[in-house]
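Colleague: Below you'll find the structure I mean.
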Amino acid sequence: LELGQLAEVSKMLMSFGTAAGDVIPQLQMLGDAALGNAEKMERLARAFGRVQARGRASMEEVNMAMEAGLPIIDELAKGKAMDKILRKE
């Protein structure tokens with residue numbers, strides 16, 4: 001990932017309501033989940049931001065996460081929240 005890509009993802013997260021102090025930990029969480037792939041990180045950030053802004057996930061966000069390679073369905077079935085799935089807790 002390059003600095004410009006991280007800056008864009010940071011802006012996206014803040015546009016969804018992420019506090020400035022939470023951006024770095026969320027970038028790390030999303031980067032880890034995306035395995036350093038910029039395209040996957042952007043997809044996950046958009047899905048995570050939407051869920052964070054609305055307080056719930058729709059199938060659109062679930063599909064975005066699955067397309068980015070995150071095995072989210074099984075984890076959601078276990079009752080885990082999206083942020084815990086991304087943190088691999």
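Labeling convention for the structure tokens: chains A, B, ... as they appear, residues from 1 per chain, ligands from 1 in order of appearance.
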Excluding same-chain residues fewer than 4 positions from Gly55 of chain A, what lies within 12 Å of it counting only C-alpha atoms, as a PyMOL selection string?

Modeller: chain A and resi 16-17+47-51+61+81-83

Colleague: Got a sec: who's within 10 Å of Ala68 of chain A, counting only C-alpha atoms, leaving out chain neighbours fewer than 3 positions off, as a ChimeraX atom specification?

Modeller: /A:33-34,37,39-44,62-65,71

Colleague: From a DSSP pass on the backbone, collect the residues of chain A flagged as helix (DSSP H, G or I) and hand them back as number ranges by chain.

Modeller: A: 3-15, 20-33, 38-54, 59-67, 72-77, 82-86

Colleague: Can you tell me how far atom CA of Ile73 of chain A sits from atom CA of Ser10 of chain A, in Å to one decimal?

Modeller: 26.0 Å

Colleague: Using only C-alpha atoms, which protein or nucleic acid residues come within 12 Å of Ile24 of chain A? Drop anything in the same chain fewer than 5 positions from it, and give the result as a ChimeraX atom specification.

Modeller: /A:6-7,9-11,13-14,18-19,29-31

Colleague: Write out, as a short mmCIF file (atom, residue, chain, number, x, y, z; two decimals), in the first residue's frame, the residues just selected, with C-alpha atoms.

Modeller:
data_model
loop_
_atom_site.label_atom_id
_atom_site.label_comp_id
_atom_site.auth_asym_id
_atom_site.auth_seq_id
_atom_site.Cartn_x
_atom_site.Cartn_y
_atom_site.Cartn_z
CA LEU A 6 -3.89 5.14 2.76
CA ALA A 7 -4.82 8.83 2.66
CA VAL A 9 -9.01 5.28 2.69
CA SER A 10 -8.56 7.59 5.69
CA LYS A 11 -10.73 10.25 4.04
CA LEU A 13 -13.46 6.39 6.83
CA MET A 14 -13.81 9.94 8.17
CA THR A 18 -14.80 7.73 11.97
CA ALA A 19 -13.17 10.01 14.54
CA MET A 29 -7.27 -3.47 11.04
CA LEU A 30 -8.46 -3.08 7.44
CA GLY A 31 -4.94 -3.43 6.03
#

Colleague: Could you check how far atom CA of Gln5 of chain A sits from atom CA of Ala38 of chain A, in Å to one decimal?

Modeller: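 So the two atoms, atom CA of Gln5 of chain A and atom CA of Ala38 of chain A, lie 7.0 Å apart.
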
Colleague: Quick one: pull the distance between atom CA of Ala57 of chain A and atom CA of Gly36 of chain A, Å, one decimal.

Modeller: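 Separation between atom CA of Ala57 of chain A and atom CA of Gly36 of chain A: 23.7 Å.
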
Colleague: Pick from A:Ser15, A:Asp32, A:Glu67, A:Asp22: nearest to Leu1 of chain A, with only C-alpha atoms counted?

Modeller: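 Checking each candidate against Leu1 of chain A, we get A:Asp32 as the closest.
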